[in-house]
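A.B. asks: First, the structure itself, so that you have it in front of you.
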Amino acid sequence: MDASAVRERAANIPREPGIYQFLDGDTVLYVGKAVDLRDRVPSYADPRSARVRRMVDRADAIDFAVTDTETQALLLEANLIKRLNPRFNVRLKDDKSYPLVQLTDHPIPRIEATRDPDEAATVFGPFTDKGRVDTVIKAIRETYGLRGCSDHKYRGRDRPCLDYEMGLCSAPCTGEIDEASYREDVESAVRFFEGETGALADPLRREMEAAAQSREFERAANLRDRLDVVEAFHGEGEEAVADRSDERAVDVLGAAVEGDSAVVARLHSERGQLVDRSRHSLDAPDAEDRIAEVLSAFLVQYYAERELPDAILLSERPADEDVLAWLEAEGVAVRVPGAGREAKLVDLALKNARSGPTRRDELSALANALGIDRPERIEGFDVSHAQGKHVVGSDVCFVGGNARTADYRRKKLTDRNDDYANMRELVRWRAERAIEGDDDRPDPDLLLVDGGDGQLGAARDALAEVGWSVPVVALAKEEELVITPDGVLRWDDDAPHLHLLQRVRDEAHRFAVQYHQTLRDDVSTVLDEVSGIGPETRRRLLRRFGSVENVRAASESDLLDVPGVGEKTARALKARL
């Protein structure tokens, strides 16, 4: 479908909220939603990315459906994407949860690992490592004799089963232990899962020491290994979510993209305590801002059919403002924390999103493709600003292909609307710190800058000025081209070394945007003092003008063009600013 065909079809679409579909015969290629269908659809005549351009080229028709409200359009879009699986949409694929430990609601409780706990059971977790959970449950059963059998096997026994002979159960089924004593052992297990590590570690240590004194060295070694697991069990990161009195339920979301797939990790808290964890896979076609678009798609597709929490913490601001407006209308607070306890939880969600099956040897593949030594340590750089205001730079670090958040750094840069100069200043700052010995981190094996040939040239100029010899490449968005000093490389979409650079680039972008938004929000509170300016109108003003300074310089007629700003509010803005 060419541009004229798109415009011709759009001319006959009503000016109402609804959804639209690009079709290839009977196949739905893409589903979108709009507040004003006639205003939105013509934009596809001039596609904003290579992905959208390919979709429009393949389409031979556009269909639409009108809704009464923007929210109806949003939810209809989510339902159609899940049902039709359009190739060019970001699609949520699964809903896998992490293991929990439950003690069943019985006079003689059973202990077991499960992903689907009984409604009345006492439940602990979730936990990230099923093998570790199994080891701890076995240690509890050997120490306290809790049963693991089903109710069917438990009832009607006249002699203990093999678990009793193996020391895994105290056989309450046949009266080898009375109910009161068994309940005391259950309470000891509960104390362990509630955080009292010594309730299990201390008896294990005594048993290990006794085995060593009896020269049962193999048993002592096994107990030592089990003790290591038990003592590390509560160090998996299951820390409480920052508790706000008005926010009973909080979700924390972190997203990671690799190739055409994405993972969103969700942590859920109730009354300040983490009670659930899950990872969700999505199909994620290439996009201008991959993480932001994945989060936008996940928010509406996941929560369209679930109860909304009181607050959602995100690793990055979603790309779709309509989704944010829907959540705000539903009373959900949405935050991208820059520091503190909430930021630590977002980092934990990101760690969960990035964890997965062992990757191919992407570091060796990257070394071969670039003709350099194996880059165990990679640092990624990006710059974020709003029309030259609140300019910041990020310096993230990956070691062995994984993020090393303790080695992240960020810097406030000179305010100017010049991406090349900003990148030169950022890289020069890092290089000077390395040369002068002011940076306590090891030198990286590779530098990656977010951008194209201009950003790469700026970074190389900075390195040459300081005299710091480190290989540097750039990764350009949209086409995902790798820019090197010797030329441009186009790697296969499924190349593991490309996925590695994409992870570094996306993380540098997220970290820079997070810092920029923190600074911007700090200075934007003056807008909240103006009568008639709420959080959404403030965001619209900053999105339109970029900074408070630009809002101050705008004419009254320009202010009236912003949705939510009427004549009275515009006059109040001019008077206050």
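Chain identifiers are assigned as A, B, and so on, following the order in which chains appear in the structure tokens; residues are numbered from 1 within each chain, and ligands are numbered from 1 in order of appearance.
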DSSP on the backbone: what in region 94-304 of chain A comes out alpha helix (DSSP H), as a ChimeraX atom specification?

C.D. replies: /A:130-144,151-154,162-165,179-193,198-213,217-232,290-303

A.B. asks: Any chance you could list, as a PDB file with N, CA and C atoms, in the first residue's frame, the residues in region 180-361 of chain A that come up strand (DSSP E or B) when DSSP is run on the backbone?

C.D. replies:
ATOM      1  N   ARG A 244       4.156   2.583  51.315  1.00  0.00           N
ATOM      2  CA  ARG A 244       3.464   3.860  51.408  1.00  0.00           C
ATOM      3  C   ARG A 244       2.066   3.575  51.946  1.00  0.00           C
ATOM      4  N   GLU A 247      -0.723   3.006  49.513  1.00  0.00           N
ATOM      5  CA  GLU A 247      -0.505   2.074  48.404  1.00  0.00           C
ATOM      6  C   GLU A 247      -0.363   0.655  48.953  1.00  0.00           C
ATOM      7  N   ALA A 249      -1.082  -2.286  47.281  1.00  0.00           N
ATOM      8  CA  ALA A 249      -0.539  -3.215  46.288  1.00  0.00           C
ATOM      9  C   ALA A 249       0.343  -2.442  45.305  1.00  0.00           C
ATOM     10  N   VAL A 250       1.564  -2.928  45.111  1.00  0.00           N
ATOM     11  CA  VAL A 250       2.520  -2.275  44.217  1.00  0.00           C
ATOM     12  C   VAL A 250       3.134  -3.327  43.299  1.00  0.00           C
ATOM     13  N   ASP A 251       3.186  -3.034  42.003  1.00  0.00           N
ATOM     14  CA  ASP A 251       3.879  -3.884  41.040  1.00  0.00           C
ATOM     15  C   ASP A 251       5.149  -3.176  40.571  1.00  0.00           C
ATOM     16  N   VAL A 252       6.226  -3.948  40.401  1.00  0.00           N
ATOM     17  CA  VAL A 252       7.491  -3.429  39.892  1.00  0.00           C
ATOM     18  C   VAL A 252       7.794  -4.162  38.588  1.00  0.00           C
ATOM     19  N   LEU A 253       8.013  -3.428  37.504  1.00  0.00           N
ATOM     20  CA  LEU A 253       8.225  -4.026  36.188  1.00  0.00           C
ATOM     21  C   LEU A 253       9.589  -3.647  35.635  1.00  0.00           C
ATOM     22  N   GLY A 254      10.306  -4.645  35.139  1.00  0.00           N
ATOM     23  CA  GLY A 254      11.560  -4.420  34.422  1.00  0.00           C
ATOM     24  C   GLY A 254      11.519  -5.183  33.119  1.00  0.00           C
ATOM     25  N   ALA A 255      11.999  -4.583  32.028  1.00  0.00           N
ATOM     26  CA  ALA A 255      11.914  -5.211  30.709  1.00  0.00           C
ATOM     27  C   ALA A 255      13.294  -5.332  30.087  1.00  0.00           C
ATOM     28  N   ALA A 256      13.483  -6.430  29.355  1.00  0.00           N
ATOM     29  CA  ALA A 256      14.715  -6.649  28.598  1.00  0.00           C
ATOM     30  C   ALA A 256      14.344  -7.181  27.219  1.00  0.00           C
ATOM     31  N   VAL A 257      15.045  -6.701  26.190  1.00  0.00           N
ATOM     32  CA  VAL A 257      14.774  -7.102  24.807  1.00  0.00           C
ATOM     33  C   VAL A 257      16.020  -7.732  24.224  1.00  0.00           C
ATOM     34  N   GLU A 258      15.837  -8.838  23.511  1.00  0.00           N
ATOM     35  CA  GLU A 258      16.936  -9.496  22.818  1.00  0.00           C
ATOM     36  C   GLU A 258      16.424  -9.990  21.480  1.00  0.00           C
ATOM     37  N   SER A 261      12.581 -10.864  20.626  1.00  0.00           N
ATOM     38  CA  SER A 261      11.889 -11.346  21.817  1.00  0.00           C
ATOM     39  C   SER A 261      12.155 -10.403  22.979  1.00  0.00           C
ATOM     40  N   ALA A 262      11.220 -10.384  23.927  1.00  0.00           N
ATOM     41  CA  ALA A 262      11.364  -9.543  25.115  1.00  0.00           C
ATOM     42  C   ALA A 262      10.859 -10.302  26.327  1.00  0.00           C
ATOM     43  N   VAL A 263      11.342  -9.917  27.496  1.00  0.00           N
ATOM     44  CA  VAL A 263      10.885 -10.471  28.762  1.00  0.00           C
ATOM     45  C   VAL A 263      10.576  -9.310  29.692  1.00  0.00           C
ATOM     46  N   VAL A 264       9.403  -9.361  30.324  1.00  0.00           N
ATOM     47  CA  VAL A 264       9.049  -8.404  31.373  1.00  0.00           C
ATOM     48  C   VAL A 264       8.958  -9.178  32.683  1.00  0.00           C
ATOM     49  N   ALA A 265       9.759  -8.773  33.660  1.00  0.00           N
ATOM     50  CA  ALA A 265       9.695  -9.376  34.993  1.00  0.00           C
ATOM     51  C   ALA A 265       8.822  -8.504  35.880  1.00  0.00           C
ATOM     52  N   ARG A 266       7.934  -9.144  36.636  1.00  0.00           N
ATOM     53  CA  ARG A 266       6.995  -8.431  37.513  1.00  0.00           C
ATOM     54  C   ARG A 266       7.185  -8.893  38.946  1.00  0.00           C
ATOM     55  N   LEU A 267       7.416  -7.951  39.845  1.00  0.00           N
ATOM     56  CA  LEU A 267       7.435  -8.203  41.278  1.00  0.00           C
ATOM     57  C   LEU A 267       6.165  -7.577  41.859  1.00  0.00           C
ATOM     58  N   HIS A 268       5.497  -8.274  42.747  1.00  0.00           N
ATOM     59  CA  HIS A 268       4.237  -7.765  43.309  1.00  0.00           C
ATOM     60  C   HIS A 268       4.314  -7.762  44.828  1.00  0.00           C
ATOM     61  N   SER A 269       3.926  -6.648  45.435  1.00  0.00           N
ATOM     62  CA  SER A 269       3.946  -6.551  46.892  1.00  0.00           C
ATOM     63  C   SER A 269       2.560  -6.247  47.420  1.00  0.00           C
ATOM     64  N   GLU A 270       2.293  -6.743  48.604  1.00  0.00           N
ATOM     65  CA  GLU A 270       1.070  -6.447  49.340  1.00  0.00           C
ATOM     66  C   GLU A 270       1.478  -5.929  50.714  1.00  0.00           C
ATOM     67  N   GLN A 273       5.250  -6.009  51.530  1.00  0.00           N
ATOM     68  CA  GLN A 273       6.007  -7.248  51.471  1.00  0.00           C
ATOM     69  C   GLN A 273       5.875  -7.881  50.085  1.00  0.00           C
ATOM     70  N   LEU A 274       6.993  -8.333  49.531  1.00  0.00           N
ATOM     71  CA  LEU A 274       6.979  -8.993  48.232  1.00  0.00           C
ATOM     72  C   LEU A 274       6.299 -10.356  48.355  1.00  0.00           C
ATOM     73  N   VAL A 275       5.242 -10.587  47.579  1.00  0.00           N
ATOM     74  CA  VAL A 275       4.473 -11.827  47.703  1.00  0.00           C
ATOM     75  C   VAL A 275       4.369 -12.594  46.389  1.00  0.00           C
ATOM     76  N   ASP A 276       4.816 -12.029  45.289  1.00  0.00           N
ATOM     77  CA  ASP A 276       4.677 -12.748  44.020  1.00  0.00           C
ATOM     78  C   ASP A 276       5.729 -12.256  43.040  1.00  0.00           C
ATOM     79  N   ARG A 277       6.160 -13.152  42.168  1.00  0.00           N
ATOM     80  CA  ARG A 277       7.095 -12.833  41.098  1.00  0.00           C
ATOM     81  C   ARG A 277       6.688 -13.592  39.851  1.00  0.00           C
ATOM     82  N   SER A 278       6.845 -12.977  38.713  1.00  0.00           N
ATOM     83  CA  SER A 278       6.565 -13.696  37.470  1.00  0.00           C
ATOM     84  C   SER A 278       7.389 -13.095  36.340  1.00  0.00           C
ATOM     85  N   ARG A 279       7.611 -13.915  35.308  1.00  0.00           N
ATOM     86  CA  ARG A 279       8.306 -13.457  34.089  1.00  0.00           C
ATOM     87  C   ARG A 279       7.388 -13.713  32.913  1.00  0.00           C
ATOM     88  N   HIS A 280       7.337 -12.771  31.987  1.00  0.00           N
ATOM     89  CA  HIS A 280       6.410 -12.844  30.864  1.00  0.00           C
ATOM     90  C   HIS A 280       7.167 -12.605  29.561  1.00  0.00           C
ATOM     91  N   SER A 281       7.010 -13.512  28.608  1.00  0.00           N
ATOM     92  CA  SER A 281       7.667 -13.385  27.312  1.00  0.00           C
ATOM     93  C   SER A 281       6.751 -12.689  26.317  1.00  0.00           C
ATOM     94  N   LEU A 282       7.347 -11.859  25.473  1.00  0.00           N
ATOM     95  CA  LEU A 282       6.598 -11.150  24.446  1.00  0.00           C
ATOM     96  C   LEU A 282       7.320 -11.269  23.118  1.00  0.00           C
ATOM     97  N   ASP A 283       6.557 -11.276  22.026  1.00  0.00           N
ATOM     98  CA  ASP A 283       7.133 -11.053  20.708  1.00  0.00           C
ATOM     99  C   ASP A 283       7.356  -9.558  20.588  1.00  0.00           C
ATOM    100  N   ALA A 311      -0.041   1.118  42.631  1.00  0.00           N
ATOM    101  CA  ALA A 311       1.093   1.815  42.024  1.00  0.00           C
ATOM    102  C   ALA A 311       1.888   0.839  41.169  1.00  0.00           C
ATOM    103  N   ILE A 312       2.534   1.367  40.141  1.00  0.00           N
ATOM    104  CA  ILE A 312       3.408   0.579  39.277  1.00  0.00           C
ATOM    105  C   ILE A 312       4.737   1.310  39.170  1.00  0.00           C
ATOM    106  N   LEU A 313       5.825   0.612  39.502  1.00  0.00           N
ATOM    107  CA  LEU A 313       7.179   1.145  39.349  1.00  0.00           C
ATOM    108  C   LEU A 313       7.775   0.552  38.080  1.00  0.00           C
ATOM    109  N   LEU A 314       8.393   1.378  37.248  1.00  0.00           N
ATOM    110  CA  LEU A 314       8.867   0.946  35.937  1.00  0.00           C
ATOM    111  C   LEU A 314      10.349   1.244  35.753  1.00  0.00           C
ATOM    112  N   ALA A 333      -0.861   5.037  40.437  1.00  0.00           N
ATOM    113  CA  ALA A 333       0.324   5.887  40.411  1.00  0.00           C
ATOM    114  C   ALA A 333       1.424   5.179  39.627  1.00  0.00           C
ATOM    115  N   VAL A 334       2.001   5.849  38.644  1.00  0.00           N
ATOM    116  CA  VAL A 334       3.059   5.271  37.814  1.00  0.00           C
ATOM    117  C   VAL A 334       4.339   6.067  38.048  1.00  0.00           C
ATOM    118  N   ARG A 335       5.415   5.373  38.446  1.00  0.00           N
ATOM    119  CA  ARG A 335       6.672   6.057  38.755  1.00  0.00           C
ATOM    120  C   ARG A 335       7.848   5.340  38.097  1.00  0.00           C
TER     121      ARG A 335
END

A.B. asks: For Pro203 (chain A), find every residue with an atom within 12 Å (counting only C-alpha atoms), except residues of its own chain fewer than 3 positions away, and show them as a PDB file with N, CA and C atoms, in the first residue's frame.

C.D. replies:
ATOM      1  N   ALA A 139      16.018 -30.337  53.509  1.00  0.00           N
ATOM      2  CA  ALA A 139      16.698 -30.093  54.783  1.00  0.00           C
ATOM      3  C   ALA A 139      15.688 -29.924  55.909  1.00  0.00           C
ATOM      4  N   ILE A 140      14.584 -29.248  55.649  1.00  0.00           N
ATOM      5  CA  ILE A 140      13.537 -29.067  56.665  1.00  0.00           C
ATOM      6  C   ILE A 140      12.909 -30.403  57.026  1.00  0.00           C
ATOM      7  N   GLU A 142      14.281 -33.388  56.768  1.00  0.00           N
ATOM      8  CA  GLU A 142      15.237 -34.213  57.514  1.00  0.00           C
ATOM      9  C   GLU A 142      15.411 -33.699  58.940  1.00  0.00           C
ATOM     10  N   THR A 143      15.294 -32.378  59.126  1.00  0.00           N
ATOM     11  CA  THR A 143      15.503 -31.788  60.454  1.00  0.00           C
ATOM     12  C   THR A 143      14.258 -31.874  61.319  1.00  0.00           C
ATOM     13  N   TYR A 144      13.100 -31.600  60.736  1.00  0.00           N
ATOM     14  CA  TYR A 144      11.860 -31.497  61.521  1.00  0.00           C
ATOM     15  C   TYR A 144      10.828 -32.576  61.190  1.00  0.00           C
ATOM     16  N   SER A 188       8.688 -24.291  63.731  1.00  0.00           N
ATOM     17  CA  SER A 188      10.111 -24.063  63.493  1.00  0.00           C
ATOM     18  C   SER A 188      10.374 -23.813  62.010  1.00  0.00           C
ATOM     19  N   PHE A 192      11.784 -20.282  60.014  1.00  0.00           N
ATOM     20  CA  PHE A 192      12.835 -20.208  59.001  1.00  0.00           C
ATOM     21  C   PHE A 192      12.365 -19.430  57.778  1.00  0.00           C
ATOM     22  N   THR A 197      16.953 -17.562  59.849  1.00  0.00           N
ATOM     23  CA  THR A 197      17.799 -18.576  59.205  1.00  0.00           C
ATOM     24  C   THR A 197      18.303 -19.613  60.196  1.00  0.00           C
ATOM     25  N   GLY A 198      18.596 -19.182  61.432  1.00  0.00           N
ATOM     26  CA  GLY A 198      19.131 -20.104  62.427  1.00  0.00           C
ATOM     27  C   GLY A 198      18.194 -21.233  62.798  1.00  0.00           C
ATOM     28  N   ALA A 199      16.887 -21.076  62.568  1.00  0.00           N
ATOM     29  CA  ALA A 199      15.936 -22.138  62.896  1.00  0.00           C
ATOM     30  C   ALA A 199      16.244 -23.414  62.141  1.00  0.00           C
ATOM     31  N   LEU A 200      16.890 -23.302  60.984  1.00  0.00           N
ATOM     32  CA  LEU A 200      17.299 -24.481  60.216  1.00  0.00           C
ATOM     33  C   LEU A 200      18.807 -24.615  60.163  1.00  0.00           C
ATOM     34  N   ARG A 206      25.114 -28.220  63.751  1.00  0.00           N
ATOM     35  CA  ARG A 206      25.431 -29.175  64.823  1.00  0.00           C
ATOM     36  C   ARG A 206      25.562 -30.586  64.269  1.00  0.00           C
ATOM     37  N   GLU A 207      24.685 -30.919  63.319  1.00  0.00           N
ATOM     38  CA  GLU A 207      24.754 -32.252  62.717  1.00  0.00           C
ATOM     39  C   GLU A 207      26.022 -32.407  61.890  1.00  0.00           C
ATOM     40  N   MET A 208      26.411 -31.359  61.184  1.00  0.00           N
ATOM     41  CA  MET A 208      27.629 -31.404  60.373  1.00  0.00           C
ATOM     42  C   MET A 208      28.854 -31.581  61.267  1.00  0.00           C
ATOM     43  N   GLU A 209      28.906 -30.833  62.363  1.00  0.00           N
ATOM     44  CA  GLU A 209      30.052 -30.939  63.270  1.00  0.00           C
ATOM     45  C   GLU A 209      30.126 -32.327  63.910  1.00  0.00           C
ATOM     46  N   ALA A 210      28.957 -32.890  64.236  1.00  0.00           N
ATOM     47  CA  ALA A 210      28.947 -34.242  64.819  1.00  0.00           C
ATOM     48  C   ALA A 210      29.433 -35.264  63.810  1.00  0.00           C
ATOM     49  N   LEU A 223      26.326 -32.179  54.288  1.00  0.00           N
ATOM     50  CA  LEU A 223      25.651 -31.257  55.190  1.00  0.00           C
ATOM     51  C   LEU A 223      26.200 -29.842  55.050  1.00  0.00           C
ATOM     52  N   ARG A 224      27.504 -29.719  54.823  1.00  0.00           N
ATOM     53  CA  ARG A 224      28.107 -28.399  54.607  1.00  0.00           C
ATOM     54  C   ARG A 224      27.506 -27.721  53.377  1.00  0.00           C
ATOM     55  N   ARG A 226      24.621 -28.341  52.013  1.00  0.00           N
ATOM     56  CA  ARG A 226      23.227 -28.008  52.293  1.00  0.00           C
ATOM     57  C   ARG A 226      23.142 -26.773  53.194  1.00  0.00           C
ATOM     58  N   LEU A 227      24.058 -26.654  54.139  1.00  0.00           N
ATOM     59  CA  LEU A 227      24.080 -25.491  55.028  1.00  0.00           C
ATOM     60  C   LEU A 227      24.360 -24.213  54.229  1.00  0.00           C
ATOM     61  N   VAL A 230      21.136 -23.174  52.657  1.00  0.00           N
ATOM     62  CA  VAL A 230      20.195 -22.657  53.668  1.00  0.00           C
ATOM     63  C   VAL A 230      20.581 -21.243  54.085  1.00  0.00           C
TER      64      VAL A 230
END

A.B. asks: Could you state the separation of CA of Phe64 (chain A) and CA of Gln21 (chain A) in Å, given to one decimal place?

C.D. replies: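 It comes out at 6.0 Å.
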
A.B. asks: Can you pull out every residue within 12 Å of Asp26 (chain A), counting only C-alpha atoms, but drop anything in the same chain fewer than 5 positions away, and send it as a CSV table (one decimal) with N, CA, C and O atoms, in the first residue's frame?

C.D. replies:
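File selection.csv, as written:
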chain,number,residue,atom,x,y,z
A,21,GLN,N,-6.9,-1.6,11.8
A,21,GLN,CA,-6.2,-2.8,11.4
A,21,GLN,C,-5.6,-2.7,10.0
A,21,GLN,O,-6.4,-2.3,9.1
A,59,ALA,N,0.7,-4.3,3.5
A,59,ALA,CA,-0.8,-4.2,3.6
A,59,ALA,C,-1.5,-3.9,2.3
A,59,ALA,O,-0.9,-3.2,1.5
A,60,ASP,N,-2.7,-4.4,2.1
A,60,ASP,CA,-3.5,-4.0,1.0
A,60,ASP,C,-4.8,-3.4,1.4
A,60,ASP,O,-5.7,-3.1,0.5
A,61,ALA,N,-5.1,-3.3,2.7
A,61,ALA,CA,-6.4,-2.7,3.1
A,61,ALA,C,-6.2,-2.3,4.6
A,61,ALA,O,-5.3,-2.7,5.3
A,62,ILE,N,-7.1,-1.3,5.0
A,62,ILE,CA,-7.2,-0.8,6.3
A,62,ILE,C,-8.6,-0.9,6.8
A,62,ILE,O,-9.5,-0.5,6.1
A,63,ASP,N,-8.8,-1.6,7.9
A,63,ASP,CA,-10.2,-1.7,8.5
A,63,ASP,C,-10.2,-0.9,9.8
A,63,ASP,O,-9.1,-0.6,10.4
A,84,LEU,N,-5.5,-12.3,17.8
A,84,LEU,CA,-5.1,-12.4,16.4
A,84,LEU,C,-3.6,-12.6,16.2
A,84,LEU,O,-3.2,-13.0,15.1
A,86,PRO,N,-1.1,-10.4,15.7
A,86,PRO,CA,-0.6,-9.7,14.5
A,86,PRO,C,1.0,-9.7,14.5
A,86,PRO,O,1.6,-9.5,15.5

A.B. asks: Would you mind telling me which residue in A:Leu426, A:Ala3, A:Gln72, A:Asp39 lies nearest to Gly18 (chain A) when using only C-alpha atoms?

C.D. replies: A:Gln72

A.B. asks: Skip region 457-474 of chain A itself and residues of its chain fewer than 6 positions away, then list as a PyMOL selection string all residues within 10 Å of it, counting only C-alpha atoms.

C.D. replies: chain A and resi 370+372-373+375+378-381+419-435+443-451+480-486+488+501+505

A.B. asks: Between A:Leu345, A:Ala508, A:Val391, A:Ala45, which one has atoms that come closest to Ala403 (chain A), using only C-alpha atoms?

C.D. replies: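 The answer is A:Ala508, which sits nearest to Ala403 (chain A).
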